[in-house]
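Undergrad: For reference, the file work-v9.cif (mmCIF, C-alpha atoms and all ligand atoms) is included below:
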data_final
loop_
_atom_site.label_atom_id
_atom_site.label_comp_id
_atom_site.auth_asym_id
_atom_site.auth_seq_id
_atom_site.Cartn_x
_atom_site.Cartn_y
_atom_site.Cartn_z
CA MET A 1063 0.00 0.00 0.00
CA ALA A 1064 1.47 3.34 -1.03
CA LEU A 1065 1.69 6.19 1.44
CA GLY A 1066 -1.46 8.28 1.22
CA ASP A 1067 -3.69 5.45 0.02
CA GLY A 1068 -7.09 5.54 1.72
CA PRO A 1069 -8.90 2.81 3.65
CA GLY A 1070 -10.52 1.65 0.43
CA THR A 1071 -7.23 0.09 -0.65
CA CYS A 1072 -6.91 -2.08 2.47
CA PRO A 1073 -7.39 -5.69 1.36
CA ASP A 1074 -8.58 -7.08 4.70
CA LEU A 1075 -9.60 -6.12 8.22
CA ALA A 1076 -6.10 -6.53 9.62
CA ALA A 1077 -4.67 -4.21 6.96
CA LEU A 1078 -7.42 -1.70 7.70
CA ARG A 1079 -6.61 -1.81 11.41
CA GLU A 1080 -2.97 -1.24 10.57
CA HIS A 1081 -3.94 1.64 8.29
CA ILE A 1082 -5.89 3.31 11.11
CA GLY A 1083 -2.87 2.83 13.37
CA ASP A 1084 -2.45 5.04 16.43
CA CYS A 1085 -4.98 7.41 14.92
CA GLN A 1086 -4.49 11.13 15.51
CA ARG A 1087 -6.81 12.27 12.72
CA CYS A 1088 -9.39 13.96 14.95
CA PRO A 1089 -9.50 15.56 18.42
CA LEU A 1090 -10.90 12.39 20.04
CA SER A 1091 -7.39 10.95 19.94
CA VAL A 1092 -6.36 13.36 22.69
CA SER A 1093 -8.81 12.02 25.28
CA ARG A 1094 -9.22 8.38 24.28
CA THR A 1095 -7.46 5.54 26.03
CA THR A 1096 -7.97 2.80 23.42
CA LEU A 1097 -9.29 2.90 19.89
CA VAL A 1098 -12.19 0.45 19.57
CA TYR A 1099 -11.98 -1.13 16.14
CA GLY A 1100 -14.66 -3.83 16.25
CA SER A 1101 -14.96 -7.46 17.24
CA GLY A 1102 -16.78 -10.68 16.49
CA ASP A 1103 -16.98 -12.98 13.52
CA PRO A 1104 -15.54 -11.17 10.47
CA SER A 1105 -17.29 -13.60 8.15
CA SER A 1106 -20.68 -13.12 9.78
CA ARG A 1107 -23.54 -12.14 7.50
CA LEU A 1108 -24.94 -9.97 10.31
CA MET A 1109 -23.23 -6.76 11.41
CA PHE A 1110 -24.20 -4.39 14.24
CA ILE A 1111 -23.10 -0.76 14.14
CA GLY A 1112 -23.29 1.36 17.27
CA GLU A 1113 -22.44 4.99 17.86
CA ALA A 1114 -19.12 5.35 19.65
CA PRO A 1115 -17.26 3.68 22.54
CA GLY A 1116 -18.22 4.49 26.11
CA LYS A 1117 -16.05 4.36 29.20
CA ASN A 1118 -15.70 0.57 29.46
CA GLU A 1119 -15.08 0.21 25.75
CA ASP A 1120 -12.42 2.94 25.89
CA LEU A 1121 -10.66 1.03 28.67
CA THR A 1122 -10.87 -2.43 27.10
CA GLY A 1123 -10.79 -1.76 23.35
CA GLU A 1124 -13.92 -3.93 22.88
CA PRO A 1125 -17.27 -2.61 21.64
CA PHE A 1126 -20.39 -2.87 23.80
CA VAL A 1127 -18.87 -4.30 26.98
CA GLY A 1128 -20.55 -1.89 29.44
CA ALA A 1129 -24.15 -1.60 30.57
CA ALA A 1130 -25.44 -1.03 27.02
CA GLY A 1131 -23.46 -4.09 25.94
CA LYS A 1132 -25.23 -6.19 28.56
CA VAL A 1133 -28.57 -5.06 27.13
CA LEU A 1134 -27.32 -5.88 23.62
CA ASP A 1135 -26.26 -9.39 24.74
CA GLU A 1136 -29.72 -9.95 26.27
CA LEU A 1137 -31.47 -8.74 23.12
CA LEU A 1138 -29.30 -10.99 20.97
CA ALA A 1139 -30.07 -13.93 23.25
CA SER A 1140 -33.78 -13.14 22.98
CA ILE A 1141 -33.60 -13.95 19.27
CA GLY A 1142 -31.25 -16.92 19.63
CA ILE A 1143 -28.01 -15.23 18.58
CA GLU A 1144 -24.70 -15.14 20.45
CA ARG A 1145 -22.35 -12.20 20.25
CA SER A 1146 -19.60 -14.44 18.84
CA GLN A 1147 -21.78 -15.09 15.77
CA VAL A 1148 -21.95 -11.48 14.65
CA TYR A 1149 -19.57 -8.61 13.96
CA ILE A 1150 -19.96 -5.49 16.12
CA THR A 1151 -18.39 -2.09 15.58
CA ASN A 1152 -19.18 1.61 15.90
CA LEU A 1153 -19.50 4.60 13.60
CA VAL A 1154 -16.83 6.44 15.58
CA LYS A 1155 -13.92 4.41 16.93
CA CYS A 1156 -12.83 6.60 19.86
CA ARG A 1157 -14.77 7.65 22.95
CA PRO A 1158 -16.20 11.16 22.90
CA PRO A 1159 -15.38 12.78 26.28
CA GLY A 1160 -18.13 12.28 28.83
CA ASN A 1161 -20.04 10.16 26.28
CA ARG A 1162 -21.22 13.26 24.44
CA ASP A 1163 -22.61 12.89 20.92
CA PRO A 1164 -20.00 12.54 18.20
CA GLU A 1165 -19.32 15.80 16.32
CA PRO A 1166 -19.81 16.04 12.53
CA LEU A 1167 -16.04 16.38 12.00
CA GLU A 1168 -15.39 13.24 14.05
CA ILE A 1169 -17.98 11.31 12.04
CA GLU A 1170 -16.61 12.61 8.76
CA THR A 1171 -13.06 11.66 9.74
CA CYS A 1172 -13.85 8.21 11.10
CA SER A 1173 -16.70 6.95 8.91
CA PRO A 1174 -14.50 5.93 5.93
CA PHE A 1175 -13.13 3.19 8.21
CA LEU A 1176 -16.64 1.93 8.87
CA SER A 1177 -17.44 2.01 5.16
CA ARG A 1178 -14.40 -0.16 4.44
CA GLN A 1179 -15.29 -2.53 7.30
CA ILE A 1180 -18.71 -2.96 5.73
CA GLU A 1181 -17.19 -3.69 2.33
CA LEU A 1182 -14.72 -6.21 3.78
CA ILE A 1183 -17.20 -8.01 6.05
CA ASP A 1184 -19.80 -7.84 3.30
CA PRO A 1185 -22.80 -8.51 5.58
CA VAL A 1186 -26.18 -9.41 4.18
CA VAL A 1187 -27.97 -7.71 7.07
CA ILE A 1188 -26.84 -4.60 8.98
CA ALA A 1189 -28.51 -3.58 12.24
CA THR A 1190 -27.79 0.06 13.05
CA LEU A 1191 -28.02 0.86 16.76
CA GLY A 1192 -29.15 4.41 17.44
CA ARG A 1193 -29.57 7.50 15.34
CA PHE A 1194 -25.95 8.27 14.46
CA SER A 1195 -25.09 5.00 12.73
CA THR A 1196 -28.60 4.85 11.25
CA HIS A 1197 -28.27 8.32 9.76
CA TYR A 1198 -24.86 7.53 8.35
CA VAL A 1199 -25.76 4.20 6.77
CA LEU A 1200 -29.10 5.39 5.38
CA GLN A 1201 -27.85 8.91 4.58
CA THR A 1202 -30.93 10.47 6.08
CA ASP A 1203 -31.67 12.63 9.08
CA ALA A 1204 -35.17 11.30 9.62
CA PRO A 1205 -35.88 10.64 13.31
CA ILE A 1206 -34.96 7.20 14.63
CA THR A 1207 -38.47 7.09 16.08
CA VAL A 1208 -39.72 6.93 12.48
CA LEU A 1209 -37.01 4.64 11.08
CA HIS A 1210 -36.65 1.94 13.76
CA GLY A 1211 -38.05 -1.52 13.12
CA ARG A 1212 -38.32 -1.00 9.36
CA LEU A 1213 -36.38 -2.71 6.63
CA PHE A 1214 -34.26 -0.67 4.22
CA ARG A 1215 -32.02 -1.69 1.37
CA VAL A 1216 -28.69 -0.01 0.74
CA GLY A 1217 -26.31 -1.26 -1.92
CA GLY A 1218 -27.99 -4.67 -1.96
CA ARG A 1219 -27.82 -5.05 1.81
CA ARG A 1220 -30.74 -5.12 4.20
CA VAL A 1221 -30.52 -2.47 6.90
CA VAL A 1222 -32.66 -2.59 10.04
CA PRO A 1223 -32.44 0.52 12.23
CA ILE A 1224 -32.93 -0.12 15.94
CA PHE A 1225 -32.94 2.15 18.97
CA HIS A 1226 -29.63 2.26 20.80
CA PRO A 1227 -29.59 -0.41 23.55
CA ALA A 1228 -28.62 2.32 26.06
CA ALA A 1229 -32.10 3.77 25.55
CA ALA A 1230 -33.45 0.93 27.71
CA LEU A 1231 -31.17 2.07 30.54
CA TYR A 1232 -32.60 5.59 30.59
CA ASP A 1233 -36.19 4.84 29.66
CA GLY A 1234 -37.61 1.51 30.83
CA SER A 1235 -40.44 1.66 28.28
CA LYS A 1236 -37.86 1.39 25.47
CA ARG A 1237 -36.99 -2.17 26.45
CA ALA A 1238 -40.17 -3.57 24.91
CA VAL A 1239 -39.63 -1.49 21.76
CA LEU A 1240 -36.08 -2.84 21.47
CA GLU A 1241 -37.29 -6.40 21.97
CA ASP A 1242 -39.89 -5.88 19.28
CA ASP A 1243 -37.31 -4.48 16.85
CA PHE A 1244 -35.01 -7.44 17.51
CA ARG A 1245 -37.91 -9.78 16.70
CA ARG A 1246 -38.31 -7.90 13.40
CA LEU A 1247 -34.57 -8.27 12.79
CA ARG A 1248 -34.92 -12.01 13.42
CA ALA A 1249 -37.75 -12.11 10.88
CA VAL A 1250 -35.51 -10.45 8.27
CA ILE A 1251 -32.72 -12.95 9.00
CA ASP A 1252 -35.13 -15.87 8.79
CA ARG A 1253 -36.34 -14.69 5.39
CA VAL A 1254 -32.80 -14.45 4.09
CA GLU A 1255 -31.90 -17.85 5.54
CA SER A 1256 -34.94 -19.46 4.02
CA GLY A 1257 -34.08 -17.99 0.63
CA ALA A 1258 -37.35 -16.11 0.51
CA ASP A 1259 -35.45 -12.81 0.49
CA LEU A 1260 -32.06 -13.67 -0.97
CA GLY A 1261 -31.26 -10.45 -2.80
CA THR A 1262 -27.70 -9.61 -3.73
CA ALA A 1263 -25.18 -8.35 -1.22
CA THR A 1264 -22.66 -6.48 -3.33
CA ALA A 1265 -19.45 -4.82 -2.21
CA ASP A 1266 -21.13 -1.48 -2.88
CA SER A 1267 -21.68 -0.27 0.64
CA ALA A 1268 -21.65 3.41 -0.15
CA PRO A 1269 -24.46 4.93 1.82
CA GLY A 1270 -27.39 5.76 -0.39
CA THR A 1271 -31.09 6.09 -0.39
CA GLY A 1272 -32.74 3.07 1.13
CA THR A 1273 -35.93 1.64 -0.19
CA THR A 1274 -38.20 0.93 2.70
CA VAL A 1275 -40.47 -1.91 3.47
CA ASP A 1276 -42.47 -1.25 6.58
CA LEU A 1277 -42.58 -4.26 8.86
CA SER A 1278 -44.57 -2.47 11.51
CA SER A 1279 -47.81 -4.13 10.52
CA ALA A 1280 -46.29 -7.58 10.70
CA ALA A 1281 -46.68 -9.56 13.89
CA PRO A 1282 -43.37 -10.03 15.67
CA GLY A 1283 -41.56 -12.96 14.11
CA GLU A 1284 -43.75 -12.82 11.06
CA GLY A 1285 -42.16 -9.92 9.29
CA GLY A 1286 -41.71 -12.18 6.31
CA ALA A 1287 -45.37 -11.94 5.55
CA ALA A 1288 -45.00 -8.22 5.02
CA THR A 1289 -41.93 -8.52 2.82
CA GLY A 1290 -43.07 -11.09 0.30
CA ALA A 1291 -42.09 -8.80 -2.53
CA VAL A 1292 -39.32 -6.55 -1.28
CA ASN A 1293 -38.61 -3.90 -3.91
CA GLY A 1294 -41.14 -5.60 -6.13
CA LEU A 1295 -39.05 -8.77 -6.38
CA PRO A 1296 -41.03 -11.95 -5.96
CA GLY A 1297 -40.05 -13.80 -2.80
CA THR A 1298 -38.98 -16.96 -4.60
CA PRO A 1299 -37.33 -19.49 -2.29
CA ASP A 1300 -33.81 -20.37 -3.40
CA PRO A 1301 -32.43 -23.74 -2.27
CA GLU A 1302 -28.90 -22.36 -2.73
CA ALA A 1303 -29.49 -19.65 -0.13
CA PRO A 1304 -26.56 -19.38 2.28
CA THR A 1305 -27.23 -19.85 5.98
CA LEU A 1306 -26.33 -16.85 8.06
CA PHE A 1307 -25.30 -18.64 11.21
N1 LIG A 1401 -22.38 2.49 22.90
C1 LIG A 1401 -22.02 2.37 21.60
O1 LIG A 1401 -22.63 2.95 20.72
N2 LIG A 1401 -20.99 1.61 21.33
C2 LIG A 1401 -20.30 0.95 22.23
O2 LIG A 1401 -19.35 0.27 21.88
C3 LIG A 1401 -20.70 1.07 23.59
C4 LIG A 1401 -21.75 1.85 23.89
#
Show the structure stored in the file as structure tokens.
Ligand code: URA
TA:
Amino acid sequence: MALGDGPGTCPDLAALREHIGDCQRCPLSVSRTTLVYGSGDPSSRLMFIGEAPGKNEDLTGEPFVGAAGKVLDELLASIGIERSQVYITNLVKCRPPGNRDPEPLEIETCSPFLSRQIELIDPVVIATLGRFSTHYVLQTDAPITVLHGRLFRVGGRRVVPIFHPAAALYDGSKRAVLEDDFRRLRAVIDRVESGADLGTATADSAPGTGTTVDLSSAAPGEGGAATGAVNGLPGTPDPEAPTLF
């Protein structure tokens, strides 16, 4: 890799991590302890994208290991998925001081690394956790209250926006909403696994306009019924469909 080449030239996740290095590209480098790159199964077809590391993540270098991570683990377990089966990362790789929201400059500086991670992992389904990663992946600023629990398509991938798990820590009523959204995510996964919604996951992960299919009328776990013809494509079962997990 020549000096000055961007993240897009990194051939794998290890090369991308090396490219990021001891990052000093934005002011978060001054206050962070550890850059949190991402963890989990790099060949998983399911990727979770959070906002930015918190205190525990900053200390350990692992995403979602604090209180919000415990909620995420419980939500994953509620739909029969273990953390080791998925890949988890964040939009911004270093902790904003005091857990403040990431600034536009920080997102602009760091997001090319996420884009390359998406290309390299090549997930079929992306679950965005919270408004920042949702807005980046869908390239919209619509409220998360409107977007969550719905299915979008970006560059051939399915994107399911979900409230940030930390929301359940501050507002107990959000727990049921999160559980419901995870059931909808499970329904999307089940449709892909069954071949009813195979689609094409291309390497084109550039954020773009998502086409929406509203799952909100589907009973939890039965989202498939509402997505029989995503983007007008007939939901033809394909025996060659890959299994996600
Ligand atoms: N919140 C996030 O968005 N990411 C983490 O890694 C931890 C908390």
Undergrad: Between atom CA of Ile1141 of chain A and atom CA of Cys1156 of chain A, what is the distance, to one decimal in Å?
TA: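 Result for atom CA of Ile1141 of chain A versus atom CA of Cys1156 of chain A: 29.2 Å, one decimal.
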Undergrad: Would you list the residues that come within 10 Å of ligand LIG 1401 (chain A)? Count only C-alpha atoms and all ligand atoms and give the answer as a PyMOL selection string.
TA: chain A and resi 1098-1100+1110-1120+1123-1132+1134+1150-1157+1161+1163+1190-1195+1226-1228
Undergrad: Between A:Arg1094, A:Arg1107, A:His1210, A:His1197, which residue has the minimum interatomic distance to Ile1180 of chain A, considering only C-alpha atoms?
TA: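 So, comparing all the options, the nearest one is A:Arg1107.
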Undergrad: How many Å lie between atom CA of Tyr1232 of chain A and atom CA of Pro1205 of chain A, rounded to one decimal?
TA: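 Interatomic distance, atom CA of Tyr1232 of chain A to atom CA of Pro1205 of chain A: 18.3 Å.
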Undergrad: Would you compute the distance between atom CA of Ser1256 of chain A and atom CA of Asp1242 of chain A? Give it in Å to one decimal.
TA: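 Separation of atom CA of Ser1256 of chain A and atom CA of Asp1242 of chain A: 21.0 Å.
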Undergrad: Which of these residues is nearest to Thr1171 of chain A, using all atoms listed in the file: A:Leu1090, A:Ser1140, A:Cys1072, A:Gly1083?
TA: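 Counting all atoms listed in the file, the residue closest to Thr1171 of chain A is A:Leu1090.
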Undergrad: When you count only C-alpha atoms, which of these residues is closest to Glu1255 of chain A: A:Leu1167, A:Val1186, A:Leu1121, A:Ala1077?
TA: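 Of the candidates, the smallest distance to Glu1255 of chain A is held by A:Val1186.
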Undergrad: Quick one: residues within 7 Å of Pro1069 of chain A, only C-alpha atoms, excluding same-chain residues fewer than 2 positions away - as a PyMOL selection string?
TA: chain A and resi 1067+1071-1072+1078+1081+1174-1175+1178
Undergrad: So that I can check the surroundings of Leu1108 of chain A, please list as a list in words every protein, DNA and RNA residue that reaches within 8 Å of it, counting only C-alpha atoms and ignoring chain neighbours fewer than 6 positions away.
TA: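 In the requested form, the answer reads Val1148, Tyr1149, Pro1185, Val1186, Val1187, Ile1188, Ala1189 and Leu1306 of chain A.
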Undergrad: Can you write out the residues you just picked, keeping C-alpha atoms, as a compact mmCIF listing (two decimals), in the frame of the given file?
TA:
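As written to disk, part09.txt reads:
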# COMPACT_ATOMS: atom_id res chain seq x y z
CA VAL A 1148 -21.95 -11.48 14.65
CA TYR A 1149 -19.57 -8.61 13.96
CA PRO A 1185 -22.80 -8.51 5.58
CA VAL A 1186 -26.18 -9.41 4.18
CA VAL A 1187 -27.97 -7.71 7.07
CA ILE A 1188 -26.84 -4.60 8.98
CA ALA A 1189 -28.51 -3.58 12.24
CA LEU A 1306 -26.33 -16.85 8.06
